[in-house]
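Notes to accompany the following structure.
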Amino acid sequence: LKGVDVKNKKRILWGEKHRMLMAKSVLEFLGVDVAYVIDNDGDGEAVKSPYDLCYENPAEVVVLVEESYKANIGKILDEAGISKSILLYKQREIVRKDGYEYLDPNLGHNIHSRGETSVISLQTSKKESVKTIGVLGGSTSDIDLFRELSWPEQLIDIAEKHQKGIKILGGGVASYIVSQEIVKFLRDMSFKKMDIVISYSGANDAGHTNPVDHNFISTYQKELFSALAASGQTQNLERPRINPVVEMPRGIEDIGEHWLHYEYMLYALCRELGIKFYAILQPNLTTKDHLSKEEFFYSYINSDTVERVQKGTEIIRSLVRKKMSIYPWLYDFSDIFVDCPETVYFDLCHLTSHGNRILAEKIYALIAGELD
């Protein structure tokens with residue numbers, strides 16, 4: 001911001017709207033007022049069009065431009081005589097340690113990592129009496145997604161320290177909900193020899209805006225097929241009589257019943273295959289009573305999302321606690337951090353390496369009897 005009077009001018013953000021709305025929340029949390037956000041497609045109060053700058057006095061405003069937009073937007077602002085500065089704004093970095101995601105016709109998207117397609121393998125150094133554990137879930141079970149050590153990676157280390165031989169088949173993929181877990185298991189994992197399967201999930205289902213309207217259809221699939229239908233390219237298919245209309249199959253109305261029903265289906269599949277199954281309702285930021293400063297900050301700037309996930313979590317958790325006495329394979333881990341004063345979350349549901357270590361210790365204690 002050197003050479004630019006930001007303090008005494010009306011501040012406007014220009015960039016990708018979702019990132020800029022987040023940046024606006026961050027700045028306002030820090031006591032820095034922002035008038036509004038501009039996106040090239042903006043047309044509302046919160047996110048405006050670039051043409052709205054025509055009504056501003058160039059001497060009274062400064063535009064903070066997202067770095068990736070600076071080449072094109074910078075030239076426009078220079079020509080208009082409007083002060084600008086480059087905004088370096090980064091959310092928690094999502095990195096594929098060794099792989100990438102790709103479009104998948106059944107699942108919407110899938111992973112290719114560490115030279116393996118669909119499933120990532122990890123194994124302890126002990127090769128005798130090895131138990132194979134299949135892992136399902138979303139990004140919180142995704143071995144390859146973040147720089148932080150995932151709980152499956154931590155579980156390998158804990159098993160090493162207890163001199164137990166385990167192999168993990170990682171089938172957790174970012175953004176998956178429970179219906180995708182079933183497809184993932186059936187297609188990519190069910191033919192592999194496994195002793196244990198762990199489904200650690202619930203946060204994506206709790207936060208899903210409307211799982212009823214697109215049962216078994218991921219967001220990626222919906223967008224892809226909608227774009228295909230809109231393009232009219234379906235007329236070039238082998239069956240041109242197919243109408244270019246995307247209809248979403250409706251699912252179970254209640255999100256708690258939705259999550260539990262498909263966890264039960266996973267249990268039934270594993271039972272028939274002779275696999276010990278564990279369905280674990282995961283914790284998230286809304287189930288923690290004592291937030292650290294970092295956790296409170298995230299909760300504050302994402303209050304709308306937090307509120308939605310909190311409501312969904314309570315629906316699922318209430319049902320899980322009623323059914324745990326009936327279903328011995330069902331576990332509620334939602335409150336394992338309820339009294340923890342430390343920072344264990346870096347966002348709404350993702351854990352730090354330390355948080356994943358605590359989680360992995362608890363999962364190890366749960367399955368230890370099956371590892372002998």
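Numbering starts fresh at 1 for the residues of each chain in the structure tokens, the chains themselves are lettered A, B, ... in the order given, and ligands are numbered from 1 as they appear.
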- [ ] Using DSSP on the backbone, list every residue of region 225-311 of chain A that comes out as helix (DSSP H, G or I), and give them as a PyMOL selection string.
- [x] chain A and resi 225-231+233-236+255-272+285-287+293-301+303-311
How about saving the chosen residues, C-alpha atoms kept, as a JSON list (two decimals), in the first residue's frame?
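Writing done, so here's result_0.json:
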[["chain", "number", "residue", "atom", "x", "y", "z"],
["A", 225, "PHE", "CA", -24.78, -31.91, -17.54],
["A", 226, "SER", "CA", -26.62, -28.59, -17.29],
["A", 227, "ALA", "CA", -23.95, -27.00, -19.51],
["A", 228, "LEU", "CA", -24.19, -29.91, -21.95],
["A", 229, "ALA", "CA", -27.96, -29.60, -22.13],
["A", 230, "ALA", "CA", -27.78, -25.83, -22.64],
["A", 231, "SER", "CA", -25.27, -26.23, -25.48],
["A", 233, "GLN", "CA", -24.90, -30.98, -28.00],
["A", 234, "THR", "CA", -27.19, -33.80, -26.86],
["A", 235, "GLN", "CA", -28.61, -33.84, -30.39],
["A", 236, "ASN", "CA", -25.25, -35.18, -31.59],
["A", 255, "ILE", "CA", -30.79, -34.66, 6.10],
["A", 256, "GLY", "CA", -30.34, -36.75, 9.25],
["A", 257, "GLU", "CA", -32.29, -39.64, 7.76],
["A", 258, "HIS", "CA", -30.40, -39.10, 4.49],
["A", 259, "TRP", "CA", -26.98, -39.44, 6.15],
["A", 260, "LEU", "CA", -27.95, -42.37, 8.37],
["A", 261, "HIS", "CA", -29.74, -44.30, 5.61],
["A", 262, "TYR", "CA", -26.70, -44.34, 3.36],
["A", 263, "GLU", "CA", -24.36, -45.13, 6.24],
["A", 264, "TYR", "CA", -26.62, -48.11, 6.89],
["A", 265, "MET", "CA", -26.31, -49.11, 3.24],
["A", 266, "LEU", "CA", -22.52, -49.01, 3.63],
["A", 267, "TYR", "CA", -22.81, -51.16, 6.75],
["A", 268, "ALA", "CA", -25.00, -53.67, 4.89],
["A", 269, "LEU", "CA", -22.52, -53.91, 2.01],
["A", 270, "CYS", "CA", -19.58, -54.38, 4.37],
["A", 271, "ARG", "CA", -21.45, -56.99, 6.41],
["A", 272, "GLU", "CA", -22.08, -59.07, 3.29],
["A", 285, "LEU", "CA", -16.37, -25.97, 14.68],
["A", 286, "THR", "CA", -20.01, -25.65, 15.76],
["A", 287, "THR", "CA", -19.67, -28.55, 18.22],
["A", 293, "LYS", "CA", -9.00, -16.69, 18.88],
["A", 294, "GLU", "CA", -8.25, -18.19, 15.47],
["A", 295, "GLU", "CA", -11.36, -20.36, 15.56],
["A", 296, "PHE", "CA", -13.56, -17.48, 16.71],
["A", 297, "PHE", "CA", -12.23, -15.34, 13.88],
["A", 298, "TYR", "CA", -13.20, -17.95, 11.30],
["A", 299, "SER", "CA", -16.61, -18.38, 12.91],
["A", 300, "TYR", "CA", -17.19, -14.62, 12.86],
["A", 301, "ILE", "CA", -16.36, -14.01, 9.21],
["A", 303, "SER", "CA", -21.36, -16.69, 10.26],
["A", 304, "ASP", "CA", -23.91, -17.62, 7.56],
["A", 305, "THR", "CA", -22.18, -20.89, 6.70],
["A", 306, "VAL", "CA", -21.53, -21.68, 10.36],
["A", 307, "GLU", "CA", -25.21, -21.19, 11.18],
["A", 308, "ARG", "CA", -26.30, -23.51, 8.34],
["A", 309, "VAL", "CA", -23.85, -26.24, 9.33],
["A", 310, "GLN", "CA", -24.80, -25.92, 12.99],
["A", 311, "LYS", "CA", -28.47, -26.55, 12.20]]
Task: region 107-122 of chain A surroundings by only C-alpha atoms, 7 Å radius, close-in-sequence under 4 positions cut, as a ChimeraX atom specification - done: /A:98-103,167-171,173,180,188,218,220-221
- [ ] Check the smallest atom-to-atom distance from each of A:Ile76, A:Ala23, A:Leu136, A:Leu155 to Ile198 (chain A) using only C-alpha atoms, then report the winner.
- [x]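 Nearest candidate to Ile198 (chain A) out of A:Ile76, A:Ala23, A:Leu136, A:Leu155: A:Leu136.
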TODO: Calculate how many Å separate CA of Gly134 (chain A) from CA of Tyr327 (chain A), rounding to one decimal.
DONE: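 Computed distance, CA of Gly134 (chain A) to CA of Tyr327 (chain A), equals 19.8 Å.
CA of Leu319 (chain A) to CA of Ile275 (chain A) spans 24.5 Å [interatomic distance, one decimal].
One distance worth recording is that between CA of Glu60 (chain A) and CA of Asp78 (chain A), which is 14.7 Å.
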Open item on the list: Which residues are near Asn8 (chain A)? Cut-off 12 Å, only C-alpha atoms, ignore same chain within fewer than 5 positions. Put them as JSON, numbers by chain.
Closed with: {"A": [32, 33, 34, 59, 60, 61, 62]}
Using only all heavy atoms, please write the residues we just selected to a file, as an mmCIF file, in the first residue's frame.
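The result, written out as selection_34.cif:
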data_model
loop_
_atom_site.group_PDB
_atom_site.id
_atom_site.type_symbol
_atom_site.label_atom_id
_atom_site.label_comp_id
_atom_site.auth_asym_id
_atom_site.auth_seq_id
_atom_site.Cartn_x
_atom_site.Cartn_y
_atom_site.Cartn_z
ATOM 1 N N VAL A 32 -11.365 -2.296 9.447
ATOM 2 C CA VAL A 32 -11.146 -1.551 8.211
ATOM 3 C C VAL A 32 -12.438 -1.600 7.381
ATOM 4 O O VAL A 32 -12.840 -2.652 6.902
ATOM 5 C CB VAL A 32 -9.985 -2.147 7.387
ATOM 6 C CG1 VAL A 32 -9.787 -1.355 6.100
ATOM 7 C CG2 VAL A 32 -8.707 -2.180 8.210
ATOM 8 N N ASP A 33 -13.099 -0.464 7.237
ATOM 9 C CA ASP A 33 -14.366 -0.420 6.499
ATOM 10 C C ASP A 33 -14.136 -0.567 4.991
ATOM 11 O O ASP A 33 -13.180 -0.020 4.437
ATOM 12 C CB ASP A 33 -15.093 0.902 6.762
ATOM 13 C CG ASP A 33 -15.604 1.001 8.186
ATOM 14 O OD1 ASP A 33 -15.881 -0.064 8.775
ATOM 15 O OD2 ASP A 33 -15.707 2.124 8.712
ATOM 16 N N VAL A 34 -15.035 -1.305 4.357
ATOM 17 C CA VAL A 34 -15.019 -1.484 2.904
ATOM 18 C C VAL A 34 -16.405 -1.119 2.382
ATOM 19 O O VAL A 34 -17.417 -1.618 2.885
ATOM 20 C CB VAL A 34 -14.667 -2.932 2.504
ATOM 21 C CG1 VAL A 34 -14.801 -3.136 1.004
ATOM 22 C CG2 VAL A 34 -13.255 -3.284 2.964
ATOM 23 N N ALA A 59 -11.049 11.076 -6.862
ATOM 24 C CA ALA A 59 -10.166 11.610 -5.819
ATOM 25 C C ALA A 59 -10.529 11.069 -4.437
ATOM 26 O O ALA A 59 -9.740 11.205 -3.492
ATOM 27 C CB ALA A 59 -10.229 13.131 -5.816
ATOM 28 N N GLU A 60 -11.699 10.444 -4.312
ATOM 29 C CA GLU A 60 -12.178 10.035 -2.981
ATOM 30 C C GLU A 60 -12.181 8.537 -2.768
ATOM 31 O O GLU A 60 -12.551 8.057 -1.690
ATOM 32 C CB GLU A 60 -13.597 10.583 -2.760
ATOM 33 C CG GLU A 60 -13.652 12.111 -2.739
ATOM 34 C CD GLU A 60 -15.077 12.621 -2.624
ATOM 35 O OE1 GLU A 60 -16.005 11.778 -2.648
ATOM 36 O OE2 GLU A 60 -15.245 13.841 -2.493
ATOM 37 N N VAL A 61 -11.791 7.779 -3.778
ATOM 38 C CA VAL A 61 -11.835 6.318 -3.625
ATOM 39 C C VAL A 61 -10.472 5.688 -3.892
ATOM 40 O O VAL A 61 -9.623 6.266 -4.579
ATOM 41 C CB VAL A 61 -12.870 5.667 -4.578
ATOM 42 C CG1 VAL A 61 -14.260 6.202 -4.295
ATOM 43 C CG2 VAL A 61 -12.486 5.868 -6.034
ATOM 44 N N VAL A 62 -10.279 4.519 -3.325
ATOM 45 C CA VAL A 62 -9.132 3.682 -3.662
ATOM 46 C C VAL A 62 -9.667 2.269 -3.872
ATOM 47 O O VAL A 62 -10.507 1.791 -3.111
ATOM 48 C CB VAL A 62 -8.048 3.707 -2.562
ATOM 49 C CG1 VAL A 62 -8.589 3.207 -1.223
ATOM 50 C CG2 VAL A 62 -6.825 2.880 -2.991
#
Open item on the list: Would you pick out the contacts of Tyr278 (chain A) at 8 Å or less, using only C-alpha atoms, so that residues sharing its chain but fewer than 4 positions from it are not included, and give the list as a list in words?
Closed with: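 Counting only C-alpha atoms, the residues come to Ile196, Val197, Ile198, Ser199, Tyr267, Trp329, Leu330 and Tyr331 of chain A.
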TODO: Return the single residue from A:Ile166, A:Ile217, A:Ile38, A:Trp151 that is closest to Val183 (chain A), with distances computed using only C-alpha atoms.
DONE: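 Checking each of A:Ile166, A:Ile217, A:Ile38, A:Trp151 against Val183 (chain A), counting only C-alpha atoms, the winner is A:Ile217.
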Task: Secondary structure check, strand (DSSP E or B) residues of region 79-258 of chain A, as JSON, numbers by chain - done: {"A": [83, 84, 85, 86, 87, 100, 101, 102, 103, 104, 108, 109, 110, 111, 112, 113, 116, 117, 120, 121, 122, 123, 131, 132, 133, 134, 135, 136, 137, 166, 167, 168, 169, 170, 196, 197, 198, 199, 200, 201]}
What would the file look like if the residues just selected were written as a short mmCIF file (atom, residue, chain, number, x, y, z; two decimals), in the first residue's frame with N, CA, C and O atoms?
data_model
loop_
_atom_site.label_atom_id
_atom_site.label_comp_id
_atom_site.auth_asym_id
_atom_site.auth_seq_id
_atom_site.Cartn_x
_atom_site.Cartn_y
_atom_site.Cartn_z
N SER A 83 -7.07 5.81 -7.82
CA SER A 83 -5.98 5.19 -7.07
C SER A 83 -6.25 3.70 -6.89
O SER A 83 -7.39 3.28 -6.70
N LYS A 84 -5.17 2.93 -6.91
CA LYS A 84 -5.34 1.48 -6.73
C LYS A 84 -4.18 0.94 -5.92
O LYS A 84 -3.12 1.57 -5.78
N SER A 85 -4.40 -0.24 -5.37
CA SER A 85 -3.34 -0.99 -4.73
C SER A 85 -3.64 -2.46 -4.95
O SER A 85 -4.80 -2.85 -5.15
N ILE A 86 -2.63 -3.27 -4.95
CA ILE A 86 -2.81 -4.70 -5.18
C ILE A 86 -3.10 -5.40 -3.85
O ILE A 86 -2.37 -5.22 -2.88
N LEU A 87 -4.15 -6.18 -3.82
CA LEU A 87 -4.55 -6.88 -2.61
C LEU A 87 -4.03 -8.31 -2.68
O LEU A 87 -4.44 -9.10 -3.53
N TYR A 100 -3.90 -34.79 -8.44
CA TYR A 100 -4.83 -33.83 -9.01
C TYR A 100 -6.23 -34.44 -9.00
O TYR A 100 -6.42 -35.65 -8.79
N GLU A 101 -7.24 -33.60 -9.23
CA GLU A 101 -8.62 -34.06 -9.33
C GLU A 101 -9.03 -34.05 -10.81
O GLU A 101 -8.53 -33.25 -11.59
N TYR A 102 -9.95 -34.93 -11.15
CA TYR A 102 -10.41 -35.01 -12.53
C TYR A 102 -11.91 -35.28 -12.56
O TYR A 102 -12.49 -35.76 -11.59
N LEU A 103 -12.54 -34.94 -13.68
CA LEU A 103 -13.97 -35.21 -13.84
C LEU A 103 -14.19 -36.71 -13.90
O LEU A 103 -13.47 -37.44 -14.58
N ASP A 104 -15.21 -37.16 -13.19
CA ASP A 104 -15.53 -38.58 -13.12
C ASP A 104 -16.99 -38.77 -13.48
O ASP A 104 -17.86 -38.14 -12.87
N GLY A 108 -18.69 -37.40 -10.30
CA GLY A 108 -18.55 -35.95 -10.49
C GLY A 108 -17.10 -35.56 -10.58
O GLY A 108 -16.65 -34.95 -11.54
N HIS A 109 -16.32 -35.93 -9.54
CA HIS A 109 -14.87 -35.72 -9.57
C HIS A 109 -14.22 -36.81 -8.73
O HIS A 109 -14.86 -37.45 -7.90
N ASN A 110 -12.94 -37.02 -8.97
CA ASN A 110 -12.20 -38.05 -8.25
C ASN A 110 -10.75 -37.62 -8.17
O ASN A 110 -10.38 -36.54 -8.66
N ILE A 111 -9.91 -38.44 -7.55
CA ILE A 111 -8.51 -38.07 -7.37
C ILE A 111 -7.57 -39.06 -8.03
O ILE A 111 -7.85 -40.25 -8.14
N HIS A 112 -6.45 -38.52 -8.48
CA HIS A 112 -5.33 -39.33 -8.96
C HIS A 112 -4.12 -38.83 -8.17
O HIS A 112 -3.76 -37.66 -8.26
N SER A 113 -3.52 -39.72 -7.39
CA SER A 113 -2.44 -39.27 -6.52
C SER A 113 -1.43 -40.38 -6.25
O SER A 113 -1.78 -41.56 -6.21
N GLU A 116 -1.44 -43.49 -8.13
CA GLU A 116 -2.60 -44.36 -8.04
C GLU A 116 -3.86 -43.61 -8.45
O GLU A 116 -4.01 -42.43 -8.17
N THR A 117 -4.77 -44.30 -9.09
CA THR A 117 -6.04 -43.70 -9.48
C THR A 117 -7.12 -44.11 -8.49
O THR A 117 -7.27 -45.29 -8.19
N ILE A 120 -5.77 -44.08 -2.54
CA ILE A 120 -4.38 -43.84 -2.14
C ILE A 120 -3.98 -44.85 -1.07
O ILE A 120 -4.68 -45.00 -0.07
N SER A 121 -2.88 -45.54 -1.25
CA SER A 121 -2.43 -46.56 -0.31
C SER A 121 -1.34 -46.04 0.63
O SER A 121 -0.41 -45.35 0.19
N LEU A 122 -1.48 -46.36 1.90
CA LEU A 122 -0.45 -46.10 2.90
C LEU A 122 -0.23 -47.38 3.68
O LEU A 122 -1.17 -48.15 3.89
N GLN A 123 1.00 -47.63 4.14
CA GLN A 123 1.24 -48.86 4.90
C GLN A 123 2.34 -48.66 5.92
O GLN A 123 3.31 -47.92 5.69
N LYS A 131 -3.50 -55.58 8.75
CA LYS A 131 -4.94 -55.38 8.59
C LYS A 131 -5.15 -54.22 7.61
O LYS A 131 -4.52 -53.16 7.75
N THR A 132 -6.04 -54.42 6.66
CA THR A 132 -6.30 -53.39 5.66
C THR A 132 -7.54 -52.60 6.03
O THR A 132 -8.60 -53.19 6.30
N ILE A 133 -7.40 -51.28 6.04
CA ILE A 133 -8.49 -50.39 6.46
C ILE A 133 -8.87 -49.48 5.30
O ILE A 133 -8.05 -48.73 4.77
N GLY A 134 -10.12 -49.56 4.88
CA GLY A 134 -10.64 -48.64 3.87
C GLY A 134 -11.18 -47.39 4.53
O GLY A 134 -11.87 -47.47 5.56
N VAL A 135 -10.85 -46.24 3.99
CA VAL A 135 -11.28 -44.96 4.55
C VAL A 135 -12.17 -44.24 3.54
O VAL A 135 -11.81 -44.08 2.38
N LEU A 136 -13.35 -43.80 4.02
CA LEU A 136 -14.29 -43.05 3.18
C LEU A 136 -14.60 -41.71 3.84
O LEU A 136 -14.44 -41.54 5.05
N GLY A 137 -15.07 -40.76 3.05
CA GLY A 137 -15.44 -39.45 3.58
C GLY A 137 -15.13 -38.35 2.59
O GLY A 137 -14.84 -38.61 1.41
N ILE A 166 -0.65 -52.16 9.59
CA ILE A 166 -1.90 -51.79 8.92
C ILE A 166 -1.60 -51.21 7.54
O ILE A 166 -0.53 -50.65 7.30
N LYS A 167 -2.57 -51.37 6.67
CA LYS A 167 -2.52 -50.75 5.35
C LYS A 167 -3.80 -49.96 5.19
O LYS A 167 -4.89 -50.44 5.52
N ILE A 168 -3.69 -48.73 4.72
CA ILE A 168 -4.87 -47.88 4.53
C ILE A 168 -5.13 -47.69 3.04
O ILE A 168 -4.22 -47.37 2.28
N LEU A 169 -6.37 -47.90 2.65
CA LEU A 169 -6.82 -47.58 1.30
C LEU A 169 -7.65 -46.31 1.41
O LEU A 169 -8.79 -46.33 1.88
N GLY A 170 -7.06 -45.19 1.03
CA GLY A 170 -7.70 -43.89 1.21
C GLY A 170 -8.68 -43.57 0.10
O GLY A 170 -8.29 -43.32 -1.03
N ILE A 196 -11.40 -53.73 7.57
CA ILE A 196 -12.15 -52.66 8.25
C ILE A 196 -12.47 -51.57 7.23
O ILE A 196 -11.64 -51.27 6.36
N VAL A 197 -13.64 -50.97 7.34
CA VAL A 197 -13.96 -49.76 6.59
C VAL A 197 -14.46 -48.71 7.57
O VAL A 197 -15.31 -49.00 8.42
N ILE A 198 -13.90 -47.50 7.46
CA ILE A 198 -14.30 -46.39 8.32
C ILE A 198 -14.87 -45.28 7.45
O ILE A 198 -14.18 -44.75 6.57
N SER A 199 -16.11 -44.92 7.70
CA SER A 199 -16.72 -43.75 7.06
C SER A 199 -16.74 -42.64 8.09
O SER A 199 -17.47 -42.68 9.07
N TYR A 200 -15.89 -41.65 7.86
CA TYR A 200 -15.78 -40.50 8.77
C TYR A 200 -16.33 -39.29 8.03
O TYR A 200 -15.70 -38.76 7.12
N SER A 201 -17.54 -38.89 8.36
CA SER A 201 -18.18 -37.84 7.56
C SER A 201 -19.32 -37.19 8.33
O SER A 201 -19.51 -37.42 9.52
#
Task: Near-Ile358 (chain A) list (12 Å; only C-alpha atoms; drop same-chain fewer than 2 positions) as a PyMOL selection string - done: chain A and resi 149-152+154-155+158+283+333+336-337+340+342-345+351-356+360-365
Open item on the list: Taking 3 positions as the minimum chain separation for residues in the same chain, which residues sit within 6 Å of Ile156 (chain A) when counting only C-alpha atoms? Answer as a PyMOL selection string.
Closed with: chain A and resi 124+153+159
